[in-house]
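This is coords.cif. It holds mmCIF, C-alpha atoms and all ligand atoms.
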data_target
loop_
_atom_site.label_atom_id
_atom_site.label_comp_id
_atom_site.auth_asym_id
_atom_site.auth_seq_id
_atom_site.Cartn_x
_atom_site.Cartn_y
_atom_site.Cartn_z
CA MET Y 176 0.00 0.00 0.00
CA GLY Y 177 1.25 3.46 -0.86
CA VAL Y 178 1.63 6.33 1.55
CA ILE Y 179 -1.18 8.88 1.24
CA LEU Y 180 -0.05 11.32 3.94
CA GLU Y 181 3.31 11.95 5.52
CA ALA Y 182 4.12 14.32 8.38
CA LYS Y 183 7.78 15.14 8.86
CA ASN Y 184 9.27 16.81 11.93
CA LEU Y 185 6.25 19.02 12.68
CA HIS Y 186 6.77 21.75 15.24
CA LEU Y 187 4.26 24.37 16.30
CA ALA Y 188 4.23 26.59 19.37
CA PHE Y 189 1.68 29.14 20.55
CA LYS Y 190 3.45 31.94 22.46
CA GLY Y 191 5.89 29.50 24.03
CA VAL Y 192 3.39 26.66 24.52
CA LYS Y 193 4.75 23.77 22.49
CA ALA Y 194 1.73 22.13 20.88
CA LEU Y 195 3.66 19.92 18.41
CA VAL Y 196 7.25 18.79 18.94
CA GLY Y 197 8.89 16.92 16.06
CA VAL Y 198 5.78 14.93 15.16
CA GLU Y 199 6.37 12.36 12.41
CA PHE Y 200 4.18 9.64 10.99
CA ARG Y 201 2.89 8.15 7.75
CA VAL Y 202 -0.63 7.12 6.84
CA ALA Y 203 -0.99 4.30 4.32
CA GLU Y 204 -3.64 4.42 1.62
CA GLY Y 205 -6.89 2.82 2.76
CA GLU Y 206 -6.07 2.53 6.43
CA PHE Y 207 -8.00 3.65 9.50
CA PHE Y 208 -5.47 5.71 11.45
CA ALA Y 209 -6.15 7.04 14.94
CA VAL Y 210 -4.61 9.90 16.89
CA ILE Y 211 -5.14 9.78 20.64
CA GLY Y 212 -3.66 11.39 23.73
CA PRO Y 213 -4.58 13.10 27.00
CA ASN Y 214 -6.20 16.55 27.05
CA GLY Y 215 -3.96 19.23 25.59
CA ALA Y 216 -1.72 16.67 23.85
CA GLY Y 217 -1.87 18.50 20.51
CA LYS Y 218 -4.41 16.36 18.64
CA THR Y 219 -6.62 19.19 17.41
CA THR Y 220 -3.56 21.26 16.60
CA LEU Y 221 -2.29 18.38 14.46
CA LEU Y 222 -5.60 18.20 12.58
CA ASN Y 223 -5.45 21.96 12.08
CA VAL Y 224 -1.97 21.64 10.60
CA LEU Y 225 -2.99 18.77 8.31
CA SER Y 226 -6.09 20.57 7.08
CA GLY Y 227 -4.34 23.91 6.57
CA VAL Y 228 -5.87 25.99 9.38
CA TYR Y 229 -2.34 26.48 10.77
CA GLU Y 230 1.04 26.30 9.09
CA PRO Y 231 3.68 24.52 11.19
CA ASP Y 232 6.67 26.55 12.43
CA GLU Y 233 8.88 23.77 11.09
CA GLY Y 234 8.46 20.54 9.18
CA GLU Y 235 6.20 19.56 6.36
CA VAL Y 236 3.14 17.60 5.38
CA THR Y 237 2.92 15.80 2.07
CA PHE Y 238 -0.35 14.49 0.69
CA LEU Y 239 -0.24 12.19 -2.34
CA GLY Y 240 3.39 13.16 -2.71
CA GLN Y 241 2.68 16.90 -2.85
CA ASN Y 242 4.01 19.31 -0.24
CA LEU Y 243 1.02 21.10 1.33
CA ARG Y 244 2.85 24.19 2.55
CA GLY Y 245 0.99 27.35 1.60
CA LYS Y 246 -2.13 25.48 0.46
CA SER Y 247 -5.39 26.76 1.94
CA PRO Y 248 -7.96 24.42 3.52
CA GLN Y 249 -10.08 24.87 0.37
CA GLU Y 250 -7.23 23.88 -1.93
CA ARG Y 251 -6.55 20.84 0.26
CA ALA Y 252 -10.23 19.90 0.13
CA ARG Y 253 -10.14 20.04 -3.68
CA MET Y 254 -7.11 17.75 -3.60
CA GLY Y 255 -9.19 15.20 -1.66
CA LEU Y 256 -8.38 16.07 1.95
CA ALA Y 257 -11.70 16.56 3.77
CA ARG Y 258 -12.41 17.24 7.42
CA THR Y 259 -15.17 17.15 10.00
CA PHE Y 260 -15.04 19.25 13.14
CA GLN Y 261 -15.34 18.80 16.87
CA GLY Y 262 -18.94 19.86 17.47
CA LEU Y 263 -21.05 20.34 14.38
CA GLU Y 264 -20.42 22.08 11.08
CA ILE Y 265 -23.69 21.71 9.26
CA PHE Y 266 -26.07 24.31 7.89
CA ARG Y 267 -28.88 23.90 10.37
CA GLY Y 268 -31.54 25.72 8.36
CA MET Y 269 -30.82 23.81 5.16
CA SER Y 270 -32.31 20.43 4.38
CA VAL Y 271 -30.30 17.28 4.92
CA LEU Y 272 -30.20 16.77 1.15
CA ASP Y 273 -28.92 20.32 0.48
CA ASN Y 274 -26.20 19.89 3.10
CA VAL Y 275 -25.00 16.72 1.40
CA LYS Y 276 -25.31 18.30 -2.06
CA LEU Y 277 -22.76 20.90 -0.98
CA GLY Y 278 -20.24 18.09 -0.52
CA ALA Y 279 -21.26 16.47 -3.80
CA GLU Y 280 -20.74 19.79 -5.63
CA LEU Y 281 -17.17 19.90 -4.40
CA ALA Y 282 -16.59 16.39 -5.77
CA LEU Y 283 -17.88 17.42 -9.18
CA SER Y 284 -15.95 20.70 -9.27
CA THR Y 285 -12.73 18.67 -9.53
CA TYR Y 286 -13.83 16.97 -12.76
CA PRO Y 287 -11.63 18.00 -15.65
CA LEU Y 288 -14.46 18.62 -18.10
CA ALA Y 289 -17.20 21.14 -17.49
CA LEU Y 290 -20.60 19.50 -17.77
CA PRO Y 291 -23.74 21.21 -19.08
CA ARG Y 292 -25.64 22.73 -16.15
CA ALA Y 293 -28.62 20.36 -16.17
CA GLN Y 294 -26.47 17.28 -16.40
CA ARG Y 295 -24.24 18.57 -13.65
CA GLU Y 296 -27.17 19.23 -11.32
CA TRP Y 297 -28.56 15.80 -12.03
CA GLN Y 298 -25.26 14.17 -11.19
CA ILE Y 299 -24.85 16.14 -7.99
CA ARG Y 300 -28.34 15.18 -6.90
CA ALA Y 301 -27.88 11.50 -7.83
CA TRP Y 302 -24.60 11.21 -5.95
CA ALA Y 303 -25.98 13.07 -2.89
CA GLU Y 304 -28.98 10.69 -2.84
CA GLU Y 305 -26.66 7.71 -3.06
CA VAL Y 306 -24.63 8.94 -0.08
CA LEU Y 307 -27.84 9.63 1.90
CA ASP Y 308 -29.08 6.17 1.13
CA TYR Y 309 -25.76 4.67 2.12
CA LEU Y 310 -25.80 6.38 5.50
CA HIS Y 311 -29.48 5.58 6.04
CA LEU Y 312 -30.40 9.26 5.96
CA SER Y 313 -32.84 9.16 3.03
CA PRO Y 314 -36.00 9.28 5.21
CA PHE Y 315 -34.82 12.65 6.57
CA ARG Y 316 -33.69 14.18 3.26
CA HIS Y 317 -36.14 17.11 3.35
CA ALA Y 318 -35.91 17.85 7.07
CA PRO Y 319 -33.95 20.94 8.13
CA ALA Y 320 -30.68 19.43 9.37
CA GLY Y 321 -30.81 21.42 12.62
CA MET Y 322 -34.13 19.80 13.61
CA LEU Y 323 -32.65 16.29 13.78
CA PRO Y 324 -31.37 14.65 16.98
CA TYR Y 325 -27.66 15.23 17.59
CA GLY Y 326 -26.58 11.73 16.50
CA LEU Y 327 -28.24 12.18 13.10
CA GLN Y 328 -26.82 15.68 12.68
CA LYS Y 329 -23.38 14.19 13.22
CA ARG Y 330 -24.16 11.62 10.56
CA VAL Y 331 -25.22 14.42 8.16
CA GLU Y 332 -21.85 16.07 8.72
CA VAL Y 333 -20.03 12.83 7.92
CA ALA Y 334 -22.30 12.34 4.87
CA ARG Y 335 -21.44 15.79 3.57
CA ALA Y 336 -17.73 15.12 4.00
CA LEU Y 337 -17.99 11.73 2.28
CA ALA Y 338 -20.06 13.22 -0.55
CA SER Y 339 -17.04 15.29 -1.53
CA ARG Y 340 -15.35 11.96 -2.40
CA PRO Y 341 -12.32 12.57 -0.22
CA LYS Y 342 -9.27 10.41 -0.55
CA LEU Y 343 -8.48 11.12 3.09
CA LEU Y 344 -11.09 12.12 5.65
CA LEU Y 345 -9.94 13.74 8.90
CA LEU Y 346 -12.46 13.26 11.70
CA ASP Y 347 -12.27 15.30 14.90
CA GLU Y 348 -13.91 13.31 17.70
CA PRO Y 349 -16.77 11.95 15.61
CA MET Y 350 -18.07 9.82 18.51
CA ALA Y 351 -18.32 12.64 21.07
CA GLY Y 352 -21.82 13.01 22.44
CA LEU Y 353 -23.16 9.88 20.74
CA SER Y 354 -24.95 6.99 22.44
CA LEU Y 355 -23.42 3.53 22.23
CA GLU Y 356 -25.85 2.56 19.47
CA GLU Y 357 -25.09 5.72 17.49
CA LYS Y 358 -21.37 5.07 17.88
CA GLN Y 359 -21.78 1.57 16.53
CA ASP Y 360 -23.82 2.87 13.57
CA LEU Y 361 -21.25 5.54 12.76
CA ALA Y 362 -18.41 3.03 13.05
CA ARG Y 363 -20.17 0.75 10.57
CA PHE Y 364 -20.68 3.59 8.07
CA LEU Y 365 -17.05 4.63 8.34
CA LEU Y 366 -15.76 1.10 7.89
CA ASP Y 367 -18.08 0.60 4.91
CA ALA Y 368 -16.88 3.86 3.33
CA GLN Y 369 -13.30 2.76 3.88
CA GLU Y 370 -13.93 -0.57 2.23
CA GLU Y 371 -16.35 0.37 -0.54
CA TRP Y 372 -15.08 3.81 -1.58
CA GLY Y 373 -11.46 3.31 -0.59
CA VAL Y 374 -11.49 6.32 1.73
CA THR Y 375 -8.52 6.58 4.08
CA LEU Y 376 -9.61 7.68 7.56
CA LEU Y 377 -7.64 9.59 10.17
CA TRP Y 378 -9.56 10.21 13.36
CA VAL Y 379 -8.92 11.94 16.64
CA GLU Y 380 -11.04 10.23 19.24
CA HIS Y 381 -11.33 10.09 23.02
CA ASP Y 382 -13.25 6.81 23.11
CA LEU Y 383 -10.28 4.49 23.63
CA ARG Y 384 -12.31 1.35 23.31
CA ALA Y 385 -13.65 2.37 19.90
CA VAL Y 386 -10.17 3.44 18.79
CA LEU Y 387 -8.53 0.18 19.79
CA GLU Y 388 -11.29 -1.92 18.23
CA LEU Y 389 -11.57 -0.08 14.93
CA SER Y 390 -8.22 1.42 13.99
CA ASP Y 391 -5.45 -0.21 11.98
CA ARG Y 392 -2.76 1.94 13.54
CA VAL Y 393 -2.57 4.41 16.40
CA LEU Y 394 -0.45 7.48 17.08
CA VAL Y 395 -0.32 8.55 20.74
CA LEU Y 396 0.61 12.17 21.50
CA SER Y 397 1.45 13.72 24.85
CA TYR Y 398 2.58 17.34 25.30
CA GLY Y 399 2.96 17.53 21.54
CA GLU Y 400 5.34 14.57 21.28
CA VAL Y 401 4.80 11.15 19.76
CA LEU Y 402 4.75 8.56 22.56
CA TYR Y 403 3.67 5.60 20.52
CA HIS Y 404 3.10 4.81 16.85
CA GLY Y 405 1.97 1.33 15.91
CA PRO Y 406 -0.79 -1.26 15.99
CA PRO Y 407 -3.64 -0.86 18.53
CA GLN Y 408 -2.64 -4.04 20.36
CA GLY Y 409 0.56 -2.39 21.58
CA VAL Y 410 -1.07 0.74 23.04
CA ARG Y 411 -2.17 -0.70 26.37
CA GLN Y 412 1.18 -2.42 26.93
CA ASP Y 413 3.26 0.69 26.39
CA PRO Y 414 4.51 2.03 29.75
CA LYS Y 415 4.94 5.60 28.44
CA VAL Y 416 1.34 5.65 27.27
CA ALA Y 417 0.09 4.27 30.59
CA GLU Y 418 2.02 6.98 32.41
CA ALA Y 419 0.67 9.76 30.19
CA TYR Y 420 -2.88 8.64 30.86
CA LEU Y 421 -2.39 8.26 34.64
CA GLY Y 422 -4.75 10.55 36.44
CA GLN Y 423 -7.06 10.70 33.44
CA ALA Y 424 -10.36 8.88 33.36
N1 LIG J 501 -4.86 28.83 19.19
C1 LIG J 501 -4.14 28.53 20.30
N2 LIG J 501 -3.53 29.49 21.02
C2 LIG J 501 -2.80 29.19 22.12
N3 LIG J 501 -2.60 27.94 22.58
C3 LIG J 501 -3.19 26.95 21.90
C4 LIG J 501 -3.98 27.16 20.73
N4 LIG J 501 -4.44 25.96 20.27
C5 LIG J 501 -3.95 25.04 21.12
N5 LIG J 501 -3.20 25.62 22.08
C6 LIG J 501 -2.44 24.92 23.16
O1 LIG J 501 -1.72 23.86 22.55
C7 LIG J 501 -1.77 22.69 23.32
C8 LIG J 501 -2.40 21.54 22.52
O2 LIG J 501 -3.81 21.82 22.35
P1 LIG J 501 -4.79 20.93 21.48
O3 LIG J 501 -6.13 21.59 21.50
O4 LIG J 501 -4.19 20.65 20.16
O5 LIG J 501 -4.84 19.58 22.34
P2 LIG J 501 -5.84 18.36 22.21
O6 LIG J 501 -5.00 17.15 22.32
O7 LIG J 501 -6.69 18.49 21.02
O8 LIG J 501 -6.72 18.51 23.53
P3 LIG J 501 -8.25 18.08 23.81
O9 LIG J 501 -8.25 16.60 23.90
O10 LIG J 501 -8.50 18.72 25.15
O11 LIG J 501 -9.09 18.63 22.71
C9 LIG J 501 -2.54 23.05 24.59
O12 LIG J 501 -1.62 23.40 25.58
C10 LIG J 501 -3.36 24.22 24.16
O13 LIG J 501 -3.66 25.05 25.25
#
Hey, can you dump this file as structure tokens for me?
Ligand SMILES: Nc1ncnc2c1ncn2[C@@H]1O[C@H](COP(=O)(O)OP(=O)(O)OP(=O)(O)O)[C@@H](O)[C@H]1O
Amino acid sequence: MGVILEAKNLHLAFKGVKALVGVEFRVAEGEFFAVIGPNGAGKTTLLNVLSGVYEPDEGEVTFLGQNLRGKSPQERARMGLARTFQGLEIFRGMSVLDNVKLGAELALSTYPLALPRAQREWQIRAWAEEVLDYLHLSPFRHAPAGMLPYGLQKRVEVARALASRPKLLLLDEPMAGLSLEEKQDLARFLLDAQEEWGVTLLWVEHDLRAVLELSDRVLVLSYGEVLYHGPPQGVRQDPKVAEAYLGQA
């Protein structure tokens, strides 16, 4: 499997607070890669660097072999690097379908040939409907997204991100605030998307059990440094990881 994303020697400090200290890792195409760590470890900062919200002070990120320095979040999204946020980033007043169509439009905007308007709209709609169907959201397609229960709103956000046909999807705590059943549903959708559409997934998640059960590989950060990088089976055995989590629930 090829490498889809590579982070080399990433450093970033905020007024003296070191959020990332020499962070290095590679994500293989098609894998489910997790980033975990205690509060304040630098996980969200890392996602912000990967998605282009922040530029690192030092180091570089390459995606599909291209250096991402200077590329805006929008440019990265067009290259196939999508992201969901901690909390919700959906348009609450818009219908579920229209939210997902926004993602589908982004997917089509990267096509080399311009399509006639009607054909383009038809394709956007057809692909959005397929994604809705896939994530079992079709019954809610005309509901304003903000009226749905939180678990479904979260699923709409993931649907919109997947509709943009990302090659790599960055997920910031997708399980936060979900019930056990909703977590299991979301996990199934993500694993299906990974398998069926070949999407590579990188998630930051606090639910250790879900991380260790679902991920192919895990990166553990603490105070901005990499403590562990390897298969999930090794996480619990690692003494440095155990120490970093001491005192945390
Ligand atoms: N914009 C910012 N300005 C100043 N300090 C920041 C900023 N963003 C993050 N930090 C600091 O950088 C460190 C890493 O924060 P970050 O939010 O990345 O951690 P995290 O692992 O995502 O934590 P959590 O699990 O609590 O979300 C913390 O000490 C935090 O206070």
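Proximity to Lys342 (chain Y) was assessed for Y:Leu376, Y:Val210, Y:Ala182, Y:Leu310 counting all atoms listed in the file; the smallest distance is recorded for Y:Leu376.
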Counting only C-alpha atoms and all ligand atoms, the residue of Y:Gln408, Y:Thr220, Y:Gln298, Y:Ser390 that sits nearest ligand LIG 501 (chain J) |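 Nearest to ligand LIG 501 (chain J): Y:Thr220.
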So that all listed atoms of ligand LIG 501 (chain J) fit with 6 Å spare on each side, what axis-aligned box centre and edge lengths in Å, to one decimal, would you give as JSON?
{"center_x": -5.4, "center_y": 23.0, "center_z": 22.4, "size_x": 19.5, "size_y": 24.9, "size_z": 18.4}
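Counting all atoms listed in the file and comparing Y:Arg267, Y:Arg340, Y:Arg411, Y:Lys276, the residue that lies closest to Gln328 (chain Y) is Y:Arg267.
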Do you know which residues are at most 6 Å from Ser339 (chain Y) counting only C-alpha atoms, after dropping those on the same chain fewer than 5 positions away, and could you put them as a list in words?
->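 Listed by chain and then number, they are Gly278, Ala279, Leu281 and Ala282 of chain Y.
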Please produce a file of the residues just selected, as a PDB file, in the coordinates of the input, where the atoms kept are C-alpha atoms.
ATOM      1  CA  GLY Y 278     -20.240  18.090  -0.520  1.00  0.00           C
ATOM      2  CA  ALA Y 279     -21.260  16.470  -3.800  1.00  0.00           C
ATOM      3  CA  LEU Y 281     -17.170  19.900  -4.400  1.00  0.00           C
ATOM      4  CA  ALA Y 282     -16.590  16.390  -5.770  1.00  0.00           C
TER       5      ALA Y 282
END
Could you list, as a compact mmCIF listing (two decimals) with C-alpha atoms, in the frame of the given file, every residue within 8 Å of region 359-364 of chain Y, counting all atoms listed in the file and ignoring same-chain residues fewer than 4 positions away?
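Saved as around_38.txt:
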# COMPACT_ATOMS: atom_id res chain seq x y z
CA TYR Y 309 -25.76 4.67 2.12
CA LEU Y 310 -25.80 6.38 5.50
CA ARG Y 330 -24.16 11.62 10.56
CA MET Y 350 -18.07 9.82 18.51
CA LEU Y 355 -23.42 3.53 22.23
CA ALA Y 368 -16.88 3.86 3.33
CA LEU Y 389 -11.57 -0.08 14.93
When the cut-off is 7 Å and you count only C-alpha atoms and all ligand atoms, which residues lie near ligand LIG 501 (chain J), shown as number ranges by chain?
-> Y: 189-190, 192-194, 212-221, 399
Y:Met254, Y:Leu307, Y:Asp347, Y:Pro406 ranked by distance to Ala334 (chain Y), top pick (using only C-alpha atoms) =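 Ranked by minimum distance to Ala334 (chain Y), first place goes to Y:Leu307.
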Extract, using all atoms listed in the file, all DNA, RNA and protein residues at most 12 Å from Met322 (chain Y), discarding same-chain residues fewer than 6 positions from it, and format them as a PyMOL selection string.
-> chain Y and resi 265-271+315-316+328+331
Test item: residues at most 10 Å from Leu222 (chain Y), all atoms listed in the file, excluding those fewer than 2 positions along its chain, as a ChimeraX atom specification | /Y:210,217-220,224-229,258-260,345-347,377-379
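When only C-alpha atoms are used to measure the gap to Tyr398 (chain Y), the shortest distance among Y:Leu365, Y:Leu383, Y:Leu344, Y:Ala419 belongs to Y:Ala419.
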Find, counting only C-alpha atoms, the residue in Y:Val374, Y:Leu323, Y:Ala293, Y:Leu394 that gets nearest to Leu343 (chain Y).
-> Y:Val374
Surrounding residues of region 196-201 of chain Y excluding itself and chain neighbours under 2 positions, 9 Å, all atoms listed in the file, as a tab-separated table (two decimals) with C-alpha atoms, in the frame of the given file:
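Wrote it out as result_31.tsv, contents follow:
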chain	number	residue	atom	x	y	z
Y	178	VAL	CA	1.63	6.33	1.55
Y	179	ILE	CA	-1.18	8.88	1.24
Y	180	LEU	CA	-0.05	11.32	3.94
Y	181	GLU	CA	3.31	11.95	5.52
Y	182	ALA	CA	4.12	14.32	8.38
Y	183	LYS	CA	7.78	15.14	8.86
Y	184	ASN	CA	9.27	16.81	11.93
Y	185	LEU	CA	6.25	19.02	12.68
Y	186	HIS	CA	6.77	21.75	15.24
Y	187	LEU	CA	4.26	24.37	16.30
Y	188	ALA	CA	4.23	26.59	19.37
Y	193	LYS	CA	4.75	23.77	22.49
Y	194	ALA	CA	1.73	22.13	20.88
Y	203	ALA	CA	-0.99	4.30	4.32
Y	221	LEU	CA	-2.29	18.38	14.46
Y	233	GLU	CA	8.88	23.77	11.09
Y	234	GLY	CA	8.46	20.54	9.18
Y	394	LEU	CA	-0.45	7.48	17.08
Y	396	LEU	CA	0.61	12.17	21.50
Y	398	TYR	CA	2.58	17.34	25.30
Y	399	GLY	CA	2.96	17.53	21.54
Y	400	GLU	CA	5.34	14.57	21.28
Y	401	VAL	CA	4.80	11.15	19.76
Y	404	HIS	CA	3.10	4.81	16.85
Two-atom distance - CA of Tyr403 (chain Y), CA of Ile211 (chain Y) (Å) |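 Separating CA of Tyr403 (chain Y) from CA of Ile211 (chain Y) is a distance of 9.8 Å.
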Between CA of Leu277 (chain Y) and CA of Arg300 (chain Y), what is the distance, to one decimal in Å?
->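 Between these atoms lies a distance of 9.9 Å.
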Quick one: distance from CA of Glu296 (chain Y) to CA of Pro341 (chain Y) in Å, one decimal?
->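 These atoms are spaced 19.7 Å apart.
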